[in-house]
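**Q** Handing over coords_36.pdb, PDB, C-alpha atoms.
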```pdb
ATOM      1  CA  ASN A  13       0.000   0.000   0.000
ATOM      2  CA  TYR A  14       3.034   2.306   0.246
ATOM      3  CA  VAL A  15       5.955   3.415  -1.796
ATOM      4  CA  ILE A  16       8.550   3.559   0.950
ATOM      5  CA  THR A  17      11.657   5.712   0.668
ATOM      6  CA  TYR A  18      14.371   5.532   3.291
ATOM      7  CA  HIS A  19      16.584   8.505   4.098
ATOM      8  CA  THR A  20      19.714   7.834   6.169
ATOM      9  CA  LYS A  21      22.466   9.916   7.619
ATOM     10  CA  TYR A  22      25.478   8.591   9.457
ATOM     11  CA  ASP A  23      27.926  11.048  10.919
ATOM     12  CA  VAL A  24      31.590  10.240  11.487
ATOM     13  CA  THR A  25      32.892  12.671  14.070
ATOM     14  CA  LYS A  26      36.428  13.585  14.784
ATOM     15  CA  ALA A  27      38.420  11.356  17.091
ATOM     16  CA  PRO A  28      40.343  13.011  19.941
ATOM     17  CA  LEU A  29      44.112  13.139  19.652
ATOM     18  CA  ASP A  30      46.438  14.507  22.285
ATOM     19  CA  ILE A  31      49.869  15.725  21.214
ATOM     20  CA  THR A  32      52.466  16.387  23.916
ATOM     21  CA  ILE A  33      55.400  18.669  23.114
ATOM     22  CA  ILE A  34      58.309  19.019  25.549
ATOM     23  CA  GLY A  35      61.366  21.234  25.173
ATOM     24  CA  THR A  36      64.228  22.484  27.290
ATOM     25  CA  LYS A  37      66.936  25.122  27.365
ATOM     26  CA  GLN A  38      69.478  26.501  29.800
ATOM     27  CA  TYR A  39      68.781  29.715  31.658
ATOM     28  CA  GLY A  40      69.805  32.770  29.655
ATOM     29  CA  GLU A  41      69.642  31.100  26.248
ATOM     30  CA  VAL A  42      67.267  32.061  23.452
ATOM     31  CA  SER A  43      64.223  29.795  23.253
ATOM     32  CA  SER A  44      63.897  27.638  20.171
ATOM     33  CA  THR A  45      60.836  27.504  17.924
ATOM     34  CA  ASN A  46      62.198  24.669  15.800
ATOM     35  CA  ILE A  47      60.139  21.519  16.317
ATOM     36  CA  SER A  48      63.264  19.408  15.826
ATOM     37  CA  ASP A  49      64.527  20.768  19.171
ATOM     38  CA  TYR A  50      61.506  19.306  20.979
ATOM     39  CA  ALA A  51      60.243  15.865  21.890
ATOM     40  CA  ALA A  52      56.781  15.569  20.323
ATOM     41  CA  THR A  53      54.624  12.513  20.962
ATOM     42  CA  ALA A  54      51.093  11.517  20.009
ATOM     43  CA  ASN A  55      48.859   9.400  22.197
ATOM     44  CA  THR A  56      49.184   6.254  20.110
ATOM     45  CA  ALA A  57      46.098   4.696  21.719
ATOM     46  CA  GLN A  58      44.061   7.490  20.108
ATOM     47  CA  LEU A  59      45.440   7.052  16.589
ATOM     48  CA  LYS A  60      43.125   5.099  14.318
ATOM     49  CA  ASN A  61      43.649   2.697  11.458
ATOM     50  CA  SER A  62      47.402   2.431  12.062
ATOM     51  CA  ASN A  63      47.792   6.138  11.389
ATOM     52  CA  THR A  64      51.157   7.665  12.261
ATOM     53  CA  VAL A  65      52.008  11.308  12.756
ATOM     54  CA  ASN A  66      54.709  13.438  11.160
ATOM     55  CA  PHE A  67      55.518  16.421  13.374
ATOM     56  CA  ASP A  68      57.818  18.191  10.905
ATOM     57  CA  GLY A  69      55.067  20.539   9.800
ATOM     58  CA  LEU A  70      54.344  21.903  13.262
ATOM     59  CA  THR A  71      55.114  25.583  13.772
ATOM     60  CA  LEU A  72      55.653  26.954  17.253
ATOM     61  CA  THR A  73      55.849  30.178  19.147
ATOM     62  CA  ASN A  74      57.807  30.376  22.396
ATOM     63  CA  SER A  75      57.418  33.328  24.765
ATOM     64  CA  VAL A  76      59.846  31.972  27.391
ATOM     65  CA  SER A  77      62.530  34.665  27.417
ATOM     66  CA  THR A  78      66.227  34.699  28.246
ATOM     67  CA  THR A  79      65.419  36.183  31.677
ATOM     68  CA  ASP A  80      62.747  33.667  32.664
ATOM     69  CA  ASN A  81      63.882  31.807  35.762
ATOM     70  CA  VAL A  82      64.675  28.122  36.073
ATOM     71  CA  GLY A  83      61.472  26.100  36.133
ATOM     72  CA  SER A  84      58.748  24.651  33.904
ATOM     73  CA  TYR A  85      56.409  26.603  31.653
ATOM     74  CA  TYR A  86      53.061  25.071  30.667
ATOM     75  CA  ASN A  87      50.331  25.446  28.061
ATOM     76  CA  ASN A  88      47.319  23.121  28.390
ATOM     77  CA  TYR A  89      49.560  20.572  30.082
ATOM     78  CA  THR A  90      47.799  17.848  32.029
ATOM     79  CA  GLY A  91      47.681  18.557  35.760
ATOM     80  CA  GLU A  92      49.398  21.929  35.510
ATOM     81  CA  THR A  93      48.280  25.550  35.462
ATOM     82  CA  ASP A  94      49.092  27.506  32.334
ATOM     83  CA  THR A  95      51.975  29.925  32.720
ATOM     84  CA  THR A  96      52.072  33.373  31.155
ATOM     85  CA  ASP A  97      55.176  32.473  29.168
ATOM     86  CA  ASN A  98      54.865  29.193  27.305
ATOM     87  CA  VAL A  99      55.023  27.332  24.005
ATOM     88  CA  ALA A 100      52.077  27.413  21.608
ATOM     89  CA  VAL A 101      51.358  25.600  18.346
ATOM     90  CA  THR A 102      50.433  27.959  15.509
ATOM     91  CA  GLY A 103      50.575  25.524  12.605
ATOM     92  CA  GLY A 104      49.233  22.010  12.951
ATOM     93  CA  ILE A 105      50.292  18.567  11.834
ATOM     94  CA  SER A 106      50.526  18.362   8.073
ATOM     95  CA  GLY A 107      51.063  14.694   7.437
ATOM     96  CA  GLY A 108      51.847  11.156   8.402
ATOM     97  CA  THR A 109      51.064   7.621   7.299
ATOM     98  CA  GLY A 110      47.366   7.500   6.453
ATOM     99  CA  PHE A 111      46.889  10.535   8.607
ATOM    100  CA  ASP A 112      44.410  13.323   7.894
ATOM    101  CA  ALA A 113      44.242  16.048  10.506
ATOM    102  CA  ASN A 114      40.597  16.693   9.595
ATOM    103  CA  ASN A 115      39.716  13.349  11.170
ATOM    104  CA  TYR A 116      40.925  14.370  14.620
ATOM    105  CA  ASN A 117      40.227  16.950  17.274
ATOM    106  CA  ILE A 118      43.833  17.652  18.113
ATOM    107  CA  ALA A 119      44.765  19.080  21.505
ATOM    108  CA  TYR A 120      48.320  20.252  22.042
ATOM    109  CA  HIS A 121      49.916  20.060  25.485
ATOM    110  CA  THR A 122      53.276  21.807  25.908
ATOM    111  CA  LYS A 123      55.902  21.919  28.602
ATOM    112  CA  TYR A 124      59.118  23.914  28.369
ATOM    113  CA  ASP A 125      61.838  23.479  30.973
ATOM    114  CA  VAL A 126      64.460  26.086  31.800
ATOM    115  CA  THR A 127      67.426  24.365  33.449
ATOM    116  CA  LYS A 128      70.280  25.845  35.440
ATOM    117  CA  ALA A 129      73.240  27.336  33.603
ATOM    118  CA  PRO A 130      76.734  26.376  34.789
ATOM    119  CA  LEU A 131      78.686  29.040  36.660
ATOM    120  CA  ASP A 132      82.277  28.613  37.836
ATOM    121  CA  ILE A 133      83.479  31.037  40.498
ATOM    122  CA  THR A 134      87.217  31.239  41.151
ATOM    123  CA  ILE A 135      88.162  32.604  44.567
ATOM    124  CA  THR A 136      91.750  33.618  45.253
ATOM    125  CA  GLY A 137      93.252  35.027  48.412
ATOM    126  CA  THR A 138      96.630  35.535  50.031
ATOM    127  CA  LYS A 139      98.262  36.150  53.368
ATOM    128  CA  ILE A 140     101.745  36.473  54.855
ATOM    129  CA  TYR A 141     103.187  33.495  56.681
ATOM    130  CA  GLY A 142     102.270  33.559  60.351
ATOM    131  CA  ASP A 143      99.266  35.853  59.949
ATOM    132  CA  ALA A 144      95.708  34.750  60.696
ATOM    133  CA  SER A 145      93.717  33.705  57.622
ATOM    134  CA  SER A 146      90.857  35.959  56.611
ATOM    135  CA  THR A 147      87.270  34.794  56.039
ATOM    136  CA  SER A 148      86.026  38.178  54.839
ATOM    137  CA  PRO A 149      84.960  38.108  51.163
ATOM    138  CA  SER A 150      86.354  41.621  50.760
ATOM    139  CA  ASP A 151      89.856  40.191  51.213
ATOM    140  CA  TYR A 152      89.482  37.861  48.224
ATOM    141  CA  THR A 153      89.216  38.165  44.454
ATOM    142  CA  PHE A 154      86.173  36.569  42.819
ATOM    143  CA  THR A 155      86.135  35.782  39.106
ATOM    144  CA  ALA A 156      83.172  34.342  37.215
ATOM    145  CA  GLY A 157      83.705  31.934  34.325
ATOM    146  CA  THR A 158      84.099  33.593  30.951
ATOM    147  CA  SER A 159      80.732  34.210  29.269
ATOM    148  CA  GLN A 160      78.865  32.131  31.856
ATOM    149  CA  LEU A 161      76.922  34.992  33.407
ATOM    150  CA  LYS A 162      73.739  35.721  31.470
ATOM    151  CA  ASN A 163      71.688  38.800  30.649
ATOM    152  CA  GLY A 164      74.390  41.274  31.658
ATOM    153  CA  GLU A 165      74.338  40.000  35.236
ATOM    154  CA  ASP A 166      77.228  40.209  37.673
ATOM    155  CA  ILE A 167      78.007  38.779  41.088
ATOM    156  CA  THR A 168      78.343  40.565  44.444
ATOM    157  CA  PRO A 169      80.013  37.886  46.568
ATOM    158  CA  THR A 170      79.997  39.828  49.852
ATOM    159  CA  SER A 171      76.991  37.709  50.836
ATOM    160  CA  LEU A 172      79.010  34.478  50.810
ATOM    161  CA  THR A 173      80.282  32.729  53.913
ATOM    162  CA  LEU A 174      83.909  31.643  53.656
ATOM    163  CA  THR A 175      85.766  29.184  55.834
ATOM    164  CA  ASN A 176      89.549  29.047  55.843
ATOM    165  CA  SER A 177      91.437  26.222  57.501
ATOM    166  CA  VAL A 178      94.900  27.485  56.511
ATOM    167  CA  GLY A 179      96.466  28.056  59.932
ATOM    168  CA  THR A 180      99.079  30.539  61.088
ATOM    169  CA  GLY A 181     101.670  27.768  60.956
ATOM    170  CA  ALA A 182     100.931  26.787  57.359
ATOM    171  CA  ASN A 183     104.091  26.976  55.295
ATOM    172  CA  VAL A 184     104.649  29.226  52.319
ATOM    173  CA  GLY A 185     102.863  27.806  49.290
ATOM    174  CA  SER A 186      99.410  27.480  47.703
ATOM    175  CA  TYR A 187      96.386  25.725  49.181
ATOM    176  CA  TYR A 188      93.666  24.430  46.844
ATOM    177  CA  ASN A 189      90.037  23.360  46.908
ATOM    178  CA  ASN A 190      88.536  22.096  43.624
ATOM    179  CA  TYR A 191      91.008  24.232  41.709
ATOM    180  CA  PRO A 192      91.600  23.307  38.048
ATOM    181  CA  ASP A 193      94.533  20.941  37.492
ATOM    182  CA  LYS A 194      95.467  21.004  41.192
ATOM    183  CA  THR A 195      95.136  18.429  43.957
ATOM    184  CA  ASP A 196      93.057  19.509  46.935
ATOM    185  CA  THR A 197      95.090  20.285  50.040
ATOM    186  CA  PRO A 198      93.898  19.338  53.547
ATOM    187  CA  GLU A 199      93.933  23.006  54.500
ATOM    188  CA  ASN A 200      91.980  25.233  52.121
ATOM    189  CA  VAL A 201      89.184  27.748  51.590
ATOM    190  CA  SER A 202      85.542  26.821  51.010
ATOM    191  CA  ALA A 203      82.471  28.920  50.193
ATOM    192  CA  SER A 204      78.829  28.506  51.168
ATOM    193  CA  GLY A 205      75.659  30.549  51.431
ATOM    194  CA  THR A 206      73.580  32.458  48.915
ATOM    195  CA  LEU A 207      75.446  34.232  46.143
ATOM    196  CA  THR A 208      73.898  37.572  45.226
ATOM    197  CA  GLY A 209      74.398  39.709  42.155
ATOM    198  CA  THR A 210      73.255  42.602  40.035
ATOM    199  CA  GLY A 211      70.586  42.870  37.377
ATOM    200  CA  SER A 212      68.334  39.814  37.160
ATOM    201  CA  PHE A 213      70.880  37.560  38.904
ATOM    202  CA  LYS A 214      69.553  34.734  41.081
ATOM    203  CA  ASP A 215      71.851  31.978  42.240
ATOM    204  CA  SER A 216      68.961  29.514  41.816
ATOM    205  CA  ASN A 217      69.327  29.971  38.043
ATOM    206  CA  TYR A 218      72.868  28.575  38.089
ATOM    207  CA  THR A 219      74.695  25.423  39.052
ATOM    208  CA  ILE A 220      77.524  27.136  40.896
ATOM    209  CA  THR A 221      80.920  25.528  41.395
ATOM    210  CA  TYR A 222      83.563  27.211  43.528
ATOM    211  CA  HIS A 223      87.307  26.873  42.879
ATOM    212  CA  THR A 224      89.588  28.292  45.559
ATOM    213  CA  LYS A 225      93.285  29.040  45.837
ATOM    214  CA  TYR A 226      94.900  30.547  48.921
ATOM    215  CA  ALA A 227      98.551  31.597  48.785
ATOM    216  CA  VAL A 228     100.826  31.963  51.800
ATOM    217  CA  THR A 229     103.708  34.302  51.001
ATOM    218  CA  PRO A 230     107.022  34.693  52.888
ATOM    219  CA  ALA A 231     106.985  36.975  55.890
ATOM    220  CA  PRO A 232     109.548  39.787  55.923
ATOM    221  CA  LEU A 233     112.434  39.119  58.312
ATOM    222  CA  THR A 234     114.920  41.828  59.177
ATOM    223  CA  ILE A 235     118.303  40.716  60.503
ATOM    224  CA  THR A 236     120.529  43.380  62.041
ATOM    225  CA  ILE A 237     124.188  42.497  62.633
ATOM    226  CA  ASP A 238     125.504  44.053  65.854
ATOM    227  CA  ASP A 239     128.569  46.269  65.554
ATOM    228  CA  LYS A 240     131.647  44.833  67.266
ATOM    229  CA  THR A 241     134.958  46.429  68.270
ATOM    230  CA  GLY A 242     138.184  44.671  69.087
ATOM    231  CA  ILE A 243     141.716  45.709  70.036
ATOM    232  CA  TYR A 244     144.526  44.881  67.647
ATOM    233  CA  GLY A 245     146.000  41.521  68.532
ATOM    234  CA  SER A 246     143.027  40.399  70.622
ATOM    235  CA  ILE A 247     140.632  37.558  69.905
ATOM    236  CA  ILE A 248     137.727  38.479  67.631
ATOM    237  CA  PRO A 249     134.614  38.836  69.822
ATOM    238  CA  PRO A 250     131.552  36.609  69.074
ATOM    239  CA  LEU A 251     129.382  38.007  66.318
ATOM    240  CA  THR A 252     125.739  38.579  67.296
ATOM    241  CA  ASP A 253     122.573  39.708  65.520
ATOM    242  CA  LYS A 254     118.962  40.710  66.117
ATOM    243  CA  TYR A 255     115.827  39.383  64.314
ATOM    244  CA  VAL A 256     112.667  41.382  63.685
ATOM    245  CA  GLY A 257     109.683  39.595  62.146
ATOM    246  CA  LEU A 258     109.930  36.021  63.407
ATOM    247  CA  LYS A 259     106.507  34.319  63.577
ATOM    248  CA  ASN A 260     104.741  31.548  65.468
ATOM    249  CA  GLY A 261     107.110  31.621  68.434
ATOM    250  CA  ASP A 262     110.208  31.168  66.288
ATOM    251  CA  THR A 263     113.339  32.588  67.953
ATOM    252  CA  SER A 264     116.912  33.141  66.968
ATOM    253  CA  ALA A 265     117.749  30.008  68.927
ATOM    254  CA  ASP A 266     115.870  27.995  66.310
ATOM    255  CA  ILE A 267     118.319  29.132  63.627
ATOM    256  CA  ALA A 268     121.162  26.629  63.481
ATOM    257  CA  ASP A 269     123.478  28.800  61.414
ATOM    258  CA  ASN A 270     122.978  32.523  61.189
ATOM    259  CA  GLY A 271     125.585  32.789  58.430
ATOM    260  CA  ILE A 272     127.495  35.662  60.065
ATOM    261  CA  TYR A 273     131.230  35.736  59.591
ATOM    262  CA  THR A 274     134.079  38.198  59.273
ATOM    263  CA  THR A 275     137.334  38.148  57.400
ATOM    264  CA  ALA A 276     139.045  39.732  60.393
ATOM    265  CA  ILE A 277     141.177  37.418  62.492
ATOM    266  CA  LYS A 278     143.418  37.821  65.513
ATOM    267  CA  GLY A 279     146.313  39.895  64.310
ATOM    268  CA  SER A 280     144.402  41.592  61.503
ATOM    269  CA  PRO A 281     145.475  45.216  61.039
ATOM    270  CA  ALA A 282     143.364  47.897  62.607
ATOM    271  CA  GLY A 283     140.468  48.934  60.338
ATOM    272  CA  THR A 284     136.843  48.299  59.509
ATOM    273  CA  TYR A 285     135.720  44.898  58.294
TER
END
```
In structure tokens, write the structure found in this file.
**A**
Amino acid sequence: NYVITYHTKYDVTKAPLDITIIGTKQYGEVSSTNISDYAATANTAQLKNSNTVNFDGLTLTNSVSTTDNVGSYYNNYTGETDTTDNVAVTGGISGGTGFDANNYNIAYHTKYDVTKAPLDITITGTKIYGDASSTSPSDYTFTAGTSQLKNGEDITPTSLTLTNSVGTGANVGSYYNNYPDKTDTPENVSASGTLTGTGSFKDSNYTITYHTKYAVTPAPLTITIDDKTGIYGSIIPPLTDKYVGLKNGDTSADIADNGIYTTAIKGSPAGTY
């Protein structure tokens, strides 16, 4: 009794696909926007029909600057709050095996890590033998590694705490702690505490390594030879001297040979020798 006509519609909707993009740089460096510098992964459980993804066509923007501190910067990253500075995808996936981006609702999740930059600080100091060793930063020279400080920053090491185990009796020479090409000495200088600086400097943005050298230099010692007078034909009187500048309880008695002599002998003609 009827002429029946069927009308059908079957919609194929887009499948979800999550793409995670992770990158990293050291503090102070320029952020990359080249996808080859990132680790990009697709959620393979979401890919259909043995599709694979080619990430080469992705284009990125990266607002993480040279002055952004060490840490992680997120954009739509699972479990994290978006940060003001982050990585964004501006051009999507263009290809892959059997892949058509129109078949997927693609969500991009980015994380960009800023890691600590290396910073070597060389600390050198000196004292005279027998003097007490200083622990005041103002008595030392601090040198940062060439080109390691970023963004025009500089260090102000007066905030550091120094310890110095080089005693008053330490002999003339150099005392090392983690100093390049030198063996550590039992007595040395070490640094601790928070290093401060100028500009945008924060010590938390650097992996800081201290290298110390402490030199003990000879103490000045003045030796005065006492004047002596003798009568012609008499025995030459003993030669004596005075020492100014002996350290650590040293006395003239500790000197086995003072090296004093005269060419005058008994019977030498009258005169000055």
**Q** Please evaluate the PyMOL selection byres ((chain A and resi 177) around 12) against the displayed coordinates and give the resulting residues as a list of chain:residue names.
**A**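 Applying the expression gives A:Ala144, A:Ser145, A:Ser146, A:Thr147, A:Leu174, A:Thr175, A:Asn176, A:Val178, A:Gly179, A:Thr180, A:Gly181, A:Ala182, A:Tyr187, A:Tyr188, A:Asn189, A:Thr197, A:Pro198, A:Glu199, A:Asn200, A:Val201, A:Ser202, A:Ala203, A:Tyr226.
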**Q** Work out how far apart atom CA of Ile31 of chain A and atom CA of Thr79 of chain A are and give it in Å to one decimal.
**A**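 Answer for the atom CA of Ile31 of chain A to atom CA of Thr79 of chain A separation: 27.7 Å.
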**Q** Could you tell me which residues the PyMOL selection byres ((chain A and resi 169-171) around 6) returns for this structure, as a PyMOL selection string?
**A** chain A and resi 149+167-168+172+207
**Q** Could you tell me, as a ChimeraX atom specification, which residues have any atom at most 7 Å from (120.9, 44.3, 62.3), counting only C-alpha atoms?
**A** /A:235-238,253-254
**Q** Decode the PyMOL selection byres ((chain A and resi 120) around 8) for the given file into explicit residues and return them as a list in words.
**A**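 So the PyMOL selection byres ((chain A and resi 120) around 8) ends up selecting Asp30, Ile31, Thr32, Ile33, Asn88, Val101, Ile118, Ala119, His121 and Thr122 of chain A.
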**Q** Go ahead and save the picked residues with C-alpha atoms, as a short mmCIF file (atom, residue, chain, number, x, y, z; two decimals), in the coordinates of the input.
**A**
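Written output follows (out.cif):
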```cif
data_model
loop_
_atom_site.label_atom_id
_atom_site.label_comp_id
_atom_site.auth_asym_id
_atom_site.auth_seq_id
_atom_site.Cartn_x
_atom_site.Cartn_y
_atom_site.Cartn_z
CA ASP A 30 46.44 14.51 22.28
CA ILE A 31 49.87 15.72 21.21
CA THR A 32 52.47 16.39 23.92
CA ILE A 33 55.40 18.67 23.11
CA ASN A 88 47.32 23.12 28.39
CA VAL A 101 51.36 25.60 18.35
CA ILE A 118 43.83 17.65 18.11
CA ALA A 119 44.76 19.08 21.50
CA HIS A 121 49.92 20.06 25.48
CA THR A 122 53.28 21.81 25.91
#
```
**Q** Kindly indicate which residue among A:Val184, A:Leu251, A:Ile34, A:Leu131 lies nearest to Ala54 of chain A, using all atoms listed in the file for the distances.
**A**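 Using all atoms listed in the file, the shortest distance to Ala54 of chain A belongs to A:Ile34.
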**Q** How would you write as a PyMOL selection string the residues that get within 12 Å of (117.3, 33.9, 65.4) in the file's frame, counting all atoms listed in the file?
**A** chain A and resi 233-237+252-259+261-272
**Q** Please provide as a PDB file with C-alpha atoms, in the frame of the given file all residues within 8 Å of Lys128 of chain A, with the sequence filter that same-chain residues fewer than 5 positions apart are discarded (counting only C-alpha atoms).
**A**
```pdb
ATOM      1  CA  GLN A  38      69.478  26.501  29.800  1.00  0.00           C
ATOM      2  CA  TYR A  39      68.781  29.715  31.658  1.00  0.00           C
ATOM      3  CA  VAL A  82      64.675  28.122  36.073  1.00  0.00           C
ATOM      4  CA  SER A 216      68.961  29.514  41.816  1.00  0.00           C
ATOM      5  CA  ASN A 217      69.327  29.971  38.043  1.00  0.00           C
ATOM      6  CA  TYR A 218      72.868  28.575  38.089  1.00  0.00           C
ATOM      7  CA  THR A 219      74.695  25.423  39.052  1.00  0.00           C
TER       8      THR A 219
END
```
**Q** To one decimal in Å, tell me the separation between atom CA of Thr221 of chain A and atom CA of Ile133 of chain A.
**A**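 Here the two named atoms are 6.1 Å from each other.
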**Q** Taking all atoms listed in the file into account, name the residue in A:Ile243, A:Gly91, A:Thr284, A:Asp68 that is nearest to Gly107 of chain A.
**A**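 Going through A:Ile243, A:Gly91, A:Thr284, A:Asp68 one by one, the smallest distance to Gly107 of chain A is for A:Asp68.
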**Q** Nearest to Asp215 of chain A among A:Val42, A:Ala100, A:Ala129, A:Ala231, with distances taken over all atoms listed in the file: which residue is it?
**A**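 Closest residue, counting all atoms listed in the file: A:Ala129.
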**Q** For atom CA of Phe67 of chain A and atom CA of Leu29 of chain A, determine how far apart the two atoms are, in Å to one decimal place.
**A**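 Value for the atom CA of Phe67 of chain A-atom CA of Leu29 of chain A distance: 13.4 Å.
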**Q** Might I get the box with edges along x, y and z of the file that holds all atoms of segment 67-77 of chain A listed there, padded by 6 Å on every side, given as centre and edge lengths in Å to one decimal, as AutoDock Vina command-line options?
**A**
```
--center_x 58.4 --center_y 25.5 --center_z 18.6 --size_x 20.2 --size_y 30.2 --size_z 29.6
```
**Q** Have segment 71-83 of chain A completed to N, CA, C and O atoms, please, and pass it along as a PDB file, keeping the file's coordinate frame.
**A**
```
ATOM      1  N   THR A  71      54.437  24.299  13.545  1.00  0.00           N
ATOM      2  CA  THR A  71      55.114  25.583  13.772  1.00  0.00           C
ATOM      3  C   THR A  71      54.780  26.050  15.178  1.00  0.00           C
ATOM      4  O   THR A  71      53.644  25.901  15.652  1.00  0.00           O
ATOM      5  N   LEU A  72      55.776  26.610  15.836  1.00  0.00           N
ATOM      6  CA  LEU A  72      55.653  26.954  17.253  1.00  0.00           C
ATOM      7  C   LEU A  72      55.960  28.419  17.490  1.00  0.00           C
ATOM      8  O   LEU A  72      56.714  29.051  16.744  1.00  0.00           O
ATOM      9  N   THR A  73      55.384  28.925  18.560  1.00  0.00           N
ATOM     10  CA  THR A  73      55.849  30.178  19.147  1.00  0.00           C
ATOM     11  C   THR A  73      56.294  29.870  20.569  1.00  0.00           C
ATOM     12  O   THR A  73      55.767  28.949  21.204  1.00  0.00           O
ATOM     13  N   ASN A  74      57.275  30.622  21.050  1.00  0.00           N
ATOM     14  CA  ASN A  74      57.807  30.376  22.396  1.00  0.00           C
ATOM     15  C   ASN A  74      58.068  31.732  23.057  1.00  0.00           C
ATOM     16  O   ASN A  74      58.937  32.489  22.636  1.00  0.00           O
ATOM     17  N   SER A  75      57.290  32.035  24.082  1.00  0.00           N
ATOM     18  CA  SER A  75      57.418  33.328  24.765  1.00  0.00           C
ATOM     19  C   SER A  75      58.290  33.252  26.014  1.00  0.00           C
ATOM     20  O   SER A  75      58.379  34.220  26.771  1.00  0.00           O
ATOM     21  N   VAL A  76      58.928  32.098  26.250  1.00  0.00           N
ATOM     22  CA  VAL A  76      59.846  31.972  27.391  1.00  0.00           C
ATOM     23  C   VAL A  76      61.128  32.722  27.031  1.00  0.00           C
ATOM     24  O   VAL A  76      61.832  32.350  26.091  1.00  0.00           O
ATOM     25  N   SER A  77      61.441  33.754  27.787  1.00  0.00           N
ATOM     26  CA  SER A  77      62.530  34.665  27.417  1.00  0.00           C
ATOM     27  C   SER A  77      63.849  34.258  28.056  1.00  0.00           C
ATOM     28  O   SER A  77      63.913  33.336  28.879  1.00  0.00           O
ATOM     29  N   THR A  78      64.892  34.977  27.689  1.00  0.00           N
ATOM     30  CA  THR A  78      66.227  34.699  28.246  1.00  0.00           C
ATOM     31  C   THR A  78      66.281  34.969  29.745  1.00  0.00           C
ATOM     32  O   THR A  78      67.120  34.410  30.444  1.00  0.00           O
ATOM     33  N   THR A  79      65.390  35.837  30.250  1.00  0.00           N
ATOM     34  CA  THR A  79      65.419  36.183  31.677  1.00  0.00           C
ATOM     35  C   THR A  79      64.440  35.369  32.508  1.00  0.00           C
ATOM     36  O   THR A  79      64.398  35.532  33.734  1.00  0.00           O
ATOM     37  N   ASP A  80      63.649  34.512  31.884  1.00  0.00           N
ATOM     38  CA  ASP A  80      62.747  33.667  32.664  1.00  0.00           C
ATOM     39  C   ASP A  80      63.565  32.714  33.534  1.00  0.00           C
ATOM     40  O   ASP A  80      64.542  32.114  33.084  1.00  0.00           O
ATOM     41  N   ASN A  81      63.130  32.584  34.780  1.00  0.00           N
ATOM     42  CA  ASN A  81      63.882  31.807  35.762  1.00  0.00           C
ATOM     43  C   ASN A  81      63.795  30.307  35.504  1.00  0.00           C
ATOM     44  O   ASN A  81      62.923  29.828  34.759  1.00  0.00           O
ATOM     45  N   VAL A  82      64.685  29.588  36.131  1.00  0.00           N
ATOM     46  CA  VAL A  82      64.675  28.122  36.073  1.00  0.00           C
ATOM     47  C   VAL A  82      63.320  27.601  36.544  1.00  0.00           C
ATOM     48  O   VAL A  82      62.766  28.059  37.550  1.00  0.00           O
ATOM     49  N   GLY A  83      62.766  26.679  35.803  1.00  0.00           N
ATOM     50  CA  GLY A  83      61.472  26.100  36.133  1.00  0.00           C
ATOM     51  C   GLY A  83      60.796  25.565  34.891  1.00  0.00           C
ATOM     52  O   GLY A  83      61.407  25.485  33.816  1.00  0.00           O
TER      53      GLY A  83
END
```
